[in-house]
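Working notes for the structure below.
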Amino acid sequence: MPMKIFFPAAAMALSLMLSACGGGSSGSDADPPVFNSSSSSSSSSGSSSSSSGGNASSGSSSGGEAPMLPQSGNPIYGELDNYKSWLGSSLSADEARAEHILTWQMDHGGFYKNDASTYDAPWNGSSPRSGWTGAGGIELGTIDNDATVTELMFLADVYQRSGDSQYRDGARKALEFLLTMQYESGGWPQVYPARTGTTYSNHVTFNDGAMARVLILLDHAVREEVPLNGDLFTDEQRVRMEAAIAKGVEFILRAQIAQADAKTVWCAQHDPVTFEPRGARDYELPSKSGKESMLVTAFLMSQPQTEQVEAAVRAALAWYHSPVVQVADTAYVKRPSGSDDDNYNPIQSRSGSTMWYRFYDLGQDVGFFADRSGIKQYDIMAIDAERRYGYEWGGNYGSELIRYADTVGYF
């Protein structure tokens with residue numbers, strides 16, 4: 001029998017919401033997974049699992065009485081580690097960078113998608129702090145390209161080592177930005193406040209792992225994973241994080257794409273109200289996404305395996321396992337840097353490798369491509385060279401997910 005882990009009454013919110021709205025799948029007729037009973041139980045305000053993928057604790061909030069999967073090998077671990085490349089050779093160097101980061105933080109608490117070099121110097125007080133604006137010229141924060149999550153993690157790390165409350169306050173302010181930007185339906189847009197002049201940035205975005213990464217951060221904070229532990233956040237903030245995770249899981253379950261009445265995976269963007277798949281830039285058409293759905297599925301596998309969550313995970317894994325979806329003995333190999341060979345095809349035969357396309361048709365499991373004309377093509381060589389080599393169209397997206405699923409008894 002799988003080990004049962006019990007949650008506080010507030011953690012029942014998700015299953016109650018799903019029962020009320022009919023969201024998520026109704027489950028499958030397959031036998032339940034043989035969960036590894038080594039999952040450990042700990043208080044959400046106490047010890048936590050290892051950030052490198054230990055057994056999950058009971059601090060997650062997305063279910064009531066439900067089994068947890070062992071987390072060793074879950075692809076979500078490492079998703080928050082981008083900030084580590086920003087760390088310097090000493091605490092004093094990191095404090096200097098953290099102080100610069102605080103000057104770049106916008107009033108709403110968010111950040112633009114800056115690289116580390118931006119924080120080599122403080123904001124000068126007049127230059128734009130964001131490349132995007134909303135109504136009235138307000139500068140927008142974003143979760144695109146690891147933005148805001150990376151700054152929050154860096155500030156948290158420096159606070160834990162220095163004890164200087166200004167870094168804790170900056171991390172709390174960034175958290176408030178993340179909690180505020182969540183839609184009532186449970187999804188996160190690319191930016192906050194709303195972007196003007198375009199619509200796609202205001203869709204719920206799984207693109208490049210954006211929403212999943214926010215949920216991973218919140219879940220780690222609730223379980224007090226280092227450096228999100230101790231008094232970094234208030235008890236009130238942690239309660240709100242639990243509610244945000246529950247709503248985020250609800251959105252994921254309701255947005256899962258059905259094909260021929262069977263649940264599959266997710267698009268890179270979804271409508272925040274209708275949950276329908278949405279396109280983004282001209283070459284990012286509505287689709288089932290082989291890349292973005294991997295992290296969404298892996299995040300669900302870090303949560304209590306309620307009937308609805310388990311059904312969604314099983315459906316997504318079945319899609320990744322499908323021989324129609326997989327491209328056997330094939331690898332996606334980017335054109336070498338500096339090459340101008342426009343006859344180079346990045347989709348190449350490679351014995352033993354498996355490739356998934358980034359985008360598949362919504363109504364069939366056929367991979368496609370597009371360039372800035374917005375015209376769908378089924379041959380990568382039919383799109384122009386600028387997009388053919390300037391975008392990622394395939395990869396071994398499902399491999400790590402399938403390996404992890406195998407270890408916990410799903411397949």
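Numbering starts fresh at 1 for the residues of each chain in the structure tokens, the chains themselves are lettered A, B, ... in the order given, and ligands are numbered from 1 as they appear.
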ask   = Using the chain letters and numbers from this document, which residues of range 65-103 of chain A does DSSP assign to alpha helix (DSSP H), as a PyMOL selection string?
value = chain A and resi 91-103
key: Test item: residues at most 6 Å from range 142-148 of chain A, only C-alpha atoms, excluding those fewer than 3 positions along its chain, as an MDAnalysis selection string   = chainID A and resid 110:113 151:152 190:191 210
task = Just give me the gap between CA of Asp235 in chain A and CA of Gln303 in chain A in Å, one decimal is fine.
result = 20.8 Å
request  = Could you give me, as a ChimeraX atom specification, the residues within 10 Å of range 393-406 of chain A, counting only C-alpha atoms and dropping anything in the same chain fewer than 4 positions from it?
outcome  = /A:33,69-76,289-295,297-298,301,313-314,317-321,326-327,330-334,346-347,353-359,367-370,380,387-389,410-411
inquiry  = Report as an NGL selection string all protein, DNA and RNA residues lying within 12 Å of Ser90 in chain A, evaluated on only C-alpha atoms, omitting residues in the same chain fewer than 5 positions from it.
reply    = :A and (95-97 or 158 or 161-162)
Mind writing the picked residues with all heavy atoms as a compact mmCIF listing (two decimals), in the first residue's frame?
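Generated output (again-v9.txt):
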# COMPACT_ATOMS: atom_id res chain seq x y z
N GLU A 95 27.24 40.44 -1.66
CA GLU A 95 26.48 41.52 -1.05
C GLU A 95 26.47 42.75 -1.95
O GLU A 95 25.44 43.43 -2.08
CB GLU A 95 27.07 41.87 0.32
CG GLU A 95 26.77 40.84 1.39
CD GLU A 95 27.33 41.26 2.74
OE1 GLU A 95 28.57 41.36 2.88
OE2 GLU A 95 26.53 41.50 3.67
N ALA A 96 27.59 43.05 -2.58
CA ALA A 96 27.65 44.19 -3.50
C ALA A 96 26.68 43.99 -4.65
O ALA A 96 25.94 44.91 -5.03
CB ALA A 96 29.07 44.38 -4.01
N ARG A 97 26.65 42.76 -5.20
CA ARG A 97 25.72 42.49 -6.30
C ARG A 97 24.27 42.55 -5.81
O ARG A 97 23.39 43.07 -6.49
CB ARG A 97 26.02 41.14 -6.92
CG ARG A 97 24.97 40.66 -7.93
CD ARG A 97 25.54 39.66 -8.90
NE ARG A 97 26.36 40.34 -9.89
CZ ARG A 97 27.17 39.69 -10.75
NH1 ARG A 97 27.28 38.38 -10.70
NH2 ARG A 97 27.88 40.39 -11.63
N VAL A 158 21.96 35.35 -0.25
CA VAL A 158 22.84 36.33 0.41
C VAL A 158 22.29 36.67 1.80
O VAL A 158 23.07 36.86 2.75
CB VAL A 158 23.00 37.58 -0.47
CG1 VAL A 158 23.86 38.63 0.25
CG2 VAL A 158 23.63 37.22 -1.81
N ARG A 161 23.28 34.04 4.38
CA ARG A 161 24.70 34.07 4.76
C ARG A 161 25.10 35.33 5.49
O ARG A 161 26.07 35.34 6.26
CB ARG A 161 25.58 33.89 3.51
CG ARG A 161 25.51 32.47 2.94
CD ARG A 161 26.44 32.31 1.76
NE ARG A 161 25.99 33.03 0.58
CZ ARG A 161 26.76 33.72 -0.24
NH1 ARG A 161 28.06 33.85 0.02
NH2 ARG A 161 26.26 34.30 -1.30
N SER A 162 24.38 36.42 5.24
CA SER A 162 24.78 37.71 5.82
C SER A 162 23.91 38.14 7.00
O SER A 162 24.38 38.87 7.89
CB SER A 162 24.72 38.80 4.75
OG SER A 162 23.36 39.07 4.39
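Using only C-alpha atoms, the residues found no farther than 6 Å from range 119-124 of chain A, other than those of its own chain fewer than 2 positions away, are Arg97, His100, Ile101, Thr103, Trp104, Ala116, Ser117 and Ser126 of chain A.
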message = Please identify the strand (DSSP E or B) residues within range 223-388 of chain A (assignment by DSSP from backbone atoms) and present them as JSON, numbers by chain.
response = {"A": [258, 259, 262, 263, 269, 270, 277, 278, 288, 289, 327, 328, 329, 330, 331, 332, 347, 348, 349, 350, 351, 352, 353, 354, 355, 356, 357, 359, 360, 367, 369, 377]}
query = CA of Ala268 in chain A and CA of Ser287 in chain A, how far apart in Å?
reply = 7.6 Å
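Closest approach to Asn207 in chain A among A:Thr133, A:Arg281, A:Pro128, A:Ala385: A:Arg281, based on only C-alpha atoms.
For the pair CA of Pro189 in chain A and CA of His270 in chain A, the interatomic distance is 9.3 Å.
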query = Within 10 Å of Pro227 in chain A, counting only C-alpha atoms, which residues qualify if same-chain residues fewer than 2 places away don't, as a VMD selection string?
reply = chain A and resid 51 153 to 161 220 to 221 224 to 225 229 to 230 232
Please produce a file of those selected residues containing N, CA, C and O atoms, as a PDB file, in the first residue's frame.
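part_31.pdb, written as the output of this step:
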ATOM      1  N   SER A  51      17.487  19.857  -1.875  1.00  0.00           N
ATOM      2  CA  SER A  51      17.197  20.565  -3.118  1.00  0.00           C
ATOM      3  C   SER A  51      17.705  19.818  -4.328  1.00  0.00           C
ATOM      4  O   SER A  51      17.392  20.177  -5.452  1.00  0.00           O
ATOM      5  N   MET A 153      15.969  34.280  -5.585  1.00  0.00           N
ATOM      6  CA  MET A 153      16.836  33.231  -5.042  1.00  0.00           C
ATOM      7  C   MET A 153      18.201  33.790  -4.635  1.00  0.00           C
ATOM      8  O   MET A 153      18.762  33.399  -3.601  1.00  0.00           O
ATOM      9  N   PHE A 154      18.735  34.698  -5.437  1.00  0.00           N
ATOM     10  CA  PHE A 154      20.027  35.294  -5.109  1.00  0.00           C
ATOM     11  C   PHE A 154      19.938  36.090  -3.815  1.00  0.00           C
ATOM     12  O   PHE A 154      20.786  35.955  -2.915  1.00  0.00           O
ATOM     13  N   LEU A 155      18.902  36.928  -3.706  1.00  0.00           N
ATOM     14  CA  LEU A 155      18.732  37.723  -2.489  1.00  0.00           C
ATOM     15  C   LEU A 155      18.548  36.822  -1.276  1.00  0.00           C
ATOM     16  O   LEU A 155      19.084  37.101  -0.192  1.00  0.00           O
ATOM     17  N   ALA A 156      17.793  35.733  -1.452  1.00  0.00           N
ATOM     18  CA  ALA A 156      17.581  34.799  -0.350  1.00  0.00           C
ATOM     19  C   ALA A 156      18.898  34.174   0.099  1.00  0.00           C
ATOM     20  O   ALA A 156      19.176  34.064   1.304  1.00  0.00           O
ATOM     21  N   ASP A 157      19.712  33.770  -0.852  1.00  0.00           N
ATOM     22  CA  ASP A 157      20.994  33.147  -0.534  1.00  0.00           C
ATOM     23  C   ASP A 157      21.893  34.111   0.232  1.00  0.00           C
ATOM     24  O   ASP A 157      22.510  33.744   1.244  1.00  0.00           O
ATOM     25  N   VAL A 158      21.963  35.352  -0.253  1.00  0.00           N
ATOM     26  CA  VAL A 158      22.835  36.327   0.409  1.00  0.00           C
ATOM     27  C   VAL A 158      22.292  36.675   1.803  1.00  0.00           C
ATOM     28  O   VAL A 158      23.065  36.864   2.752  1.00  0.00           O
ATOM     29  N   TYR A 159      20.980  36.734   1.943  1.00  0.00           N
ATOM     30  CA  TYR A 159      20.410  36.998   3.269  1.00  0.00           C
ATOM     31  C   TYR A 159      20.772  35.889   4.247  1.00  0.00           C
ATOM     32  O   TYR A 159      21.160  36.162   5.406  1.00  0.00           O
ATOM     33  N   GLN A 160      20.653  34.647   3.823  1.00  0.00           N
ATOM     34  CA  GLN A 160      20.928  33.529   4.726  1.00  0.00           C
ATOM     35  C   GLN A 160      22.375  33.543   5.204  1.00  0.00           C
ATOM     36  O   GLN A 160      22.672  33.108   6.320  1.00  0.00           O
ATOM     37  N   ARG A 161      23.284  34.041   4.378  1.00  0.00           N
ATOM     38  CA  ARG A 161      24.701  34.068   4.762  1.00  0.00           C
ATOM     39  C   ARG A 161      25.105  35.332   5.492  1.00  0.00           C
ATOM     40  O   ARG A 161      26.067  35.338   6.262  1.00  0.00           O
ATOM     41  N   HIS A 220       8.946  24.956  -2.879  1.00  0.00           N
ATOM     42  CA  HIS A 220      10.186  24.869  -2.103  1.00  0.00           C
ATOM     43  C   HIS A 220      10.135  25.806  -0.887  1.00  0.00           C
ATOM     44  O   HIS A 220      10.642  25.464   0.186  1.00  0.00           O
ATOM     45  N   ALA A 221       9.522  26.972  -1.068  1.00  0.00           N
ATOM     46  CA  ALA A 221       9.435  27.922   0.044  1.00  0.00           C
ATOM     47  C   ALA A 221       8.503  27.405   1.131  1.00  0.00           C
ATOM     48  O   ALA A 221       8.795  27.541   2.328  1.00  0.00           O
ATOM     49  N   GLU A 224      10.302  24.984   2.981  1.00  0.00           N
ATOM     50  CA  GLU A 224      11.509  25.589   3.548  1.00  0.00           C
ATOM     51  C   GLU A 224      12.789  24.943   3.052  1.00  0.00           C
ATOM     52  O   GLU A 224      13.709  24.633   3.814  1.00  0.00           O
ATOM     53  N   GLU A 225      12.849  24.754   1.754  1.00  0.00           N
ATOM     54  CA  GLU A 225      14.102  24.327   1.127  1.00  0.00           C
ATOM     55  C   GLU A 225      15.104  25.486   1.195  1.00  0.00           C
ATOM     56  O   GLU A 225      14.765  26.636   0.958  1.00  0.00           O
ATOM     57  N   ASN A 229      14.335  29.174   3.523  1.00  0.00           N
ATOM     58  CA  ASN A 229      13.947  28.691   4.838  1.00  0.00           C
ATOM     59  C   ASN A 229      14.044  29.787   5.891  1.00  0.00           C
ATOM     60  O   ASN A 229      14.363  30.939   5.592  1.00  0.00           O
ATOM     61  N   GLY A 230      13.747  29.376   7.129  1.00  0.00           N
ATOM     62  CA  GLY A 230      13.876  30.299   8.247  1.00  0.00           C
ATOM     63  C   GLY A 230      12.875  31.432   8.189  1.00  0.00           C
ATOM     64  O   GLY A 230      11.714  31.237   7.827  1.00  0.00           O
ATOM     65  N   LEU A 232      12.909  33.944   6.164  1.00  0.00           N
ATOM     66  CA  LEU A 232      12.950  34.671   4.894  1.00  0.00           C
ATOM     67  C   LEU A 232      11.577  35.208   4.547  1.00  0.00           C
ATOM     68  O   LEU A 232      11.435  36.360   4.126  1.00  0.00           O
TER      69      LEU A 232
END
task = Skip Trp188 in chain A itself and residues of its chain fewer than 2 positions away, then list as a ChimeraX atom specification all residues within 12 Å of it, counting only C-alpha atoms.
result = /A:142-144,177-186,190-194,201-207,209-215,244-245,247-249,251-252,269-273
